[in-house]
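Trainee: Structure provided below as structure tokens; questions to follow.
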Amino acid sequence: MNAAIIMTAVKAYMEQNGLKFFHDASRNVFILQFSNRGKFNVIQEKLRIRDDGIVSLATCPVKADDENRVEVIKYINKLNWQFRSGNFELDPADGEVQFRVFADLEGLDESSPIQNIIENVIFIPVQMIRDYGDNLFKVMLGQSTAENIDEDDSNTDD
């Protein structure tokens, strides 16, 4: 499968499901924004379309303070052990935190059903920030530590 076919499928999925997006075709990127009820009230997501798949990066709108970045790394490392798909990452240079998912589409062709894959690559990163964002926010601003937040303590009531 190549990037043009994947871009067409991603765009069709988003249009069919009423998602608002910006498409930068020159860079093979889609940008979406999702509202959130938690500390991070807006989550921006970039989908980078490649010949072998889709990279999705949902970004927290607040950056970790310099003095809290080591603690944030400890917390996201603790979280990442429980995820089957994707992981949190921290850019140590600027404190930006993202949740990344890669959907491997290599070997698939135009007839391959990829709608569920597209749905997952869009919504898993956003949901992870929704679920863990409030606790992540506390650690990013030094209001809590990785040790003080239970691994299973998320923003969900499930």
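Residues are referred to by chain and number: the chain letter is A, B, ... according to the order shown in the structure tokens, the number counts from 1 in that chain, and ligands are numbered separately from 1 in the order shown.
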Near Ile76 in chain A, within 10 Å and counting only C-alpha atoms, which residues show up once chain neighbours fewer than 3 positions away are dropped, as a PDB file with N, CA and C atoms, in the first residue's frame?

Mentor:
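The resulting file, around-v6.pdb, is shown below:
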```pdb
ATOM      1  N   GLU A  71      10.551  13.378  36.470  1.00  0.00           N
ATOM      2  CA  GLU A  71       9.384  12.748  37.113  1.00  0.00           C
ATOM      3  C   GLU A  71       8.331  12.362  36.067  1.00  0.00           C
ATOM      4  N   VAL A  72       8.166  13.188  35.050  1.00  0.00           N
ATOM      5  CA  VAL A  72       7.229  12.871  33.965  1.00  0.00           C
ATOM      6  C   VAL A  72       7.698  11.623  33.230  1.00  0.00           C
ATOM      7  N   ILE A  73       8.992  11.525  32.973  1.00  0.00           N
ATOM      8  CA  ILE A  73       9.531  10.326  32.323  1.00  0.00           C
ATOM      9  C   ILE A  73       9.247   9.086  33.163  1.00  0.00           C
ATOM     10  N   LEU A  79       3.314   4.121  33.002  1.00  0.00           N
ATOM     11  CA  LEU A  79       2.090   3.931  32.223  1.00  0.00           C
ATOM     12  C   LEU A  79       2.319   3.034  31.016  1.00  0.00           C
ATOM     13  N   ASN A  80       3.400   3.264  30.309  1.00  0.00           N
ATOM     14  CA  ASN A  80       3.632   2.570  29.040  1.00  0.00           C
ATOM     15  C   ASN A  80       3.668   1.057  29.169  1.00  0.00           C
ATOM     16  N   TRP A  81       4.032   0.542  30.331  1.00  0.00           N
ATOM     17  CA  TRP A  81       4.095  -0.907  30.525  1.00  0.00           C
ATOM     18  C   TRP A  81       2.739  -1.569  30.351  1.00  0.00           C
ATOM     19  N   ASN A  87       2.349   4.467  22.929  1.00  0.00           N
ATOM     20  CA  ASN A  87       3.079   4.835  24.139  1.00  0.00           C
ATOM     21  C   ASN A  87       3.149   6.355  24.273  1.00  0.00           C
ATOM     22  N   PHE A  88       3.293   6.794  25.515  1.00  0.00           N
ATOM     23  CA  PHE A  88       3.565   8.203  25.786  1.00  0.00           C
ATOM     24  C   PHE A  88       5.046   8.457  25.551  1.00  0.00           C
ATOM     25  N   GLU A  89       5.356   9.676  25.097  1.00  0.00           N
ATOM     26  CA  GLU A  89       6.736  10.098  24.898  1.00  0.00           C
ATOM     27  C   GLU A  89       6.890  11.524  25.405  1.00  0.00           C
ATOM     28  N   LEU A  90       8.067  11.822  25.900  1.00  0.00           N
ATOM     29  CA  LEU A  90       8.378  13.181  26.329  1.00  0.00           C
ATOM     30  C   LEU A  90       9.586  13.662  25.540  1.00  0.00           C
ATOM     31  N   VAL A  97       4.709  16.454  25.578  1.00  0.00           N
ATOM     32  CA  VAL A  97       4.310  15.071  25.796  1.00  0.00           C
ATOM     33  C   VAL A  97       3.286  14.692  24.737  1.00  0.00           C
ATOM     34  N   PHE A  99       1.167  11.113  22.815  1.00  0.00           N
ATOM     35  CA  PHE A  99       0.903   9.682  22.753  1.00  0.00           C
ATOM     36  C   PHE A  99       1.011   9.292  21.294  1.00  0.00           C
ATOM     37  N   TYR A 132      -5.554   9.527  30.949  1.00  0.00           N
ATOM     38  CA  TYR A 132      -4.418   9.729  31.850  1.00  0.00           C
ATOM     39  C   TYR A 132      -3.963  11.180  31.946  1.00  0.00           C
ATOM     40  N   LEU A 136      -1.291  13.072  34.470  1.00  0.00           N
ATOM     41  CA  LEU A 136      -0.091  13.519  33.777  1.00  0.00           C
ATOM     42  C   LEU A 136       0.128  15.013  34.001  1.00  0.00           C
ATOM     43  N   VAL A 139       1.694  15.696  37.360  1.00  0.00           N
ATOM     44  CA  VAL A 139       3.126  15.381  37.395  1.00  0.00           C
ATOM     45  C   VAL A 139       3.912  16.417  36.584  1.00  0.00           C
ATOM     46  N   ALA A 146       5.315  10.399  40.210  1.00  0.00           N
ATOM     47  CA  ALA A 146       4.950   9.109  39.613  1.00  0.00           C
ATOM     48  C   ALA A 146       4.600   8.094  40.692  1.00  0.00           C
ATOM     49  N   GLU A 151      -0.874   3.270  39.215  1.00  0.00           N
ATOM     50  CA  GLU A 151      -0.820   2.920  37.794  1.00  0.00           C
ATOM     51  C   GLU A 151      -2.198   2.849  37.158  1.00  0.00           C
TER      52      GLU A 151
END
```

Trainee: Any idea what's packed within 12 Å of range 140-142 of chain A, counting only C-alpha atoms, ignoring anything in its chain fewer than 6 positions away? Could you give it as a ChimeraX atom specification?

Mentor: /A:39-40,60-76,90,95-97,133-134,148

Trainee: Residues within 7 Å of range 122-125 of chain A, please, as a list in words. Count only C-alpha atoms; anything in the same chain fewer than 6 positions from it doesn't count.

Mentor: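 Close residues of range 122-125 of chain A: Ser56, Leu57, Ala58, Phe99, Arg100 and Val101 of chain A.
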
Trainee: What does the file look like for those residues with N, CA and C atoms, as an mmCIF file, in the first residue's frame?

Mentor:
```cif
data_model
loop_
_atom_site.group_PDB
_atom_site.id
_atom_site.type_symbol
_atom_site.label_atom_id
_atom_site.label_comp_id
_atom_site.auth_asym_id
_atom_site.auth_seq_id
_atom_site.Cartn_x
_atom_site.Cartn_y
_atom_site.Cartn_z
ATOM 1 N N SER A 56 0.407 8.289 14.298
ATOM 2 C CA SER A 56 -0.514 9.215 14.946
ATOM 3 C C SER A 56 0.148 9.764 16.208
ATOM 4 N N LEU A 57 0.110 11.102 16.343
ATOM 5 C CA LEU A 57 0.700 11.769 17.503
ATOM 6 C C LEU A 57 -0.335 12.699 18.110
ATOM 7 N N ALA A 58 -0.855 12.346 19.269
ATOM 8 C CA ALA A 58 -1.759 13.236 20.004
ATOM 9 C C ALA A 58 -0.926 13.965 21.041
ATOM 10 N N PHE A 99 1.167 11.113 22.815
ATOM 11 C CA PHE A 99 0.903 9.682 22.753
ATOM 12 C C PHE A 99 1.011 9.292 21.294
ATOM 13 N N ARG A 100 1.834 8.283 21.011
ATOM 14 C CA ARG A 100 2.131 7.860 19.640
ATOM 15 C C ARG A 100 1.613 6.448 19.388
ATOM 16 N N VAL A 101 1.009 6.291 18.214
ATOM 17 C CA VAL A 101 0.594 4.977 17.724
ATOM 18 C C VAL A 101 1.048 4.866 16.278
#
```

Trainee: Would you please work out which residue, of A:Val121, A:Asp109, A:Asp150, A:Ile114, is nearest to Arg48 in chain A when using only C-alpha atoms?

Mentor: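 Checking each candidate against Arg48 in chain A, we get A:Val121 as the closest.
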
Trainee: Can you pull out every residue within 10 Å of Glu110 in chain A, counting only C-alpha atoms, but drop anything in the same chain fewer than 6 positions away, and send it as a ChimeraX atom specification?

Mentor: /A:1-2,5-6,9

Trainee: Out of range 14-125 of chain A, which residues get alpha helix (DSSP H) from DSSP, as a list in words?

Mentor: Met14, Glu15, Gln16, Arg69, Val70, Glu71, Val72, Ile73, Lys74, Tyr75, Ile76, Asn77, Lys78, Leu79, Asn80, Gln115, Asn116, Ile117, Ile118, Glu119, Asn120, Val121, Ile122, Phe123, Ile124 and Pro125 of chain A

Trainee: Could you go through range 1-134 of chain A and tell me which residues DSSP, when run on the backbone, assigns to strand (DSSP E or B), listing them as JSON, numbers by chain?

Mentor: {"A": [21, 22, 23, 24, 29, 30, 31, 32, 33, 34, 35, 42, 43, 44, 45, 46, 47, 48, 49, 50, 53, 54, 55, 56, 57, 58, 59, 87, 88, 89, 90, 97, 98, 99, 100, 101, 102, 103, 104]}

Trainee: Point out the residue among A:Ala25, A:Leu19, A:Ala12, A:Val126 with the least atom-to-atom distance to Gln44 in chain A, counting only C-alpha atoms.

Mentor: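 Closest residue, counting only C-alpha atoms: A:Val126.
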
Trainee: Which is closest to Phe137 in chain A among A:Gln16, A:Asn116, A:Ser111, A:Asn41, if we use only C-alpha atoms?

Mentor: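 For Phe137 in chain A, the nearest of the given residues is A:Asn41.
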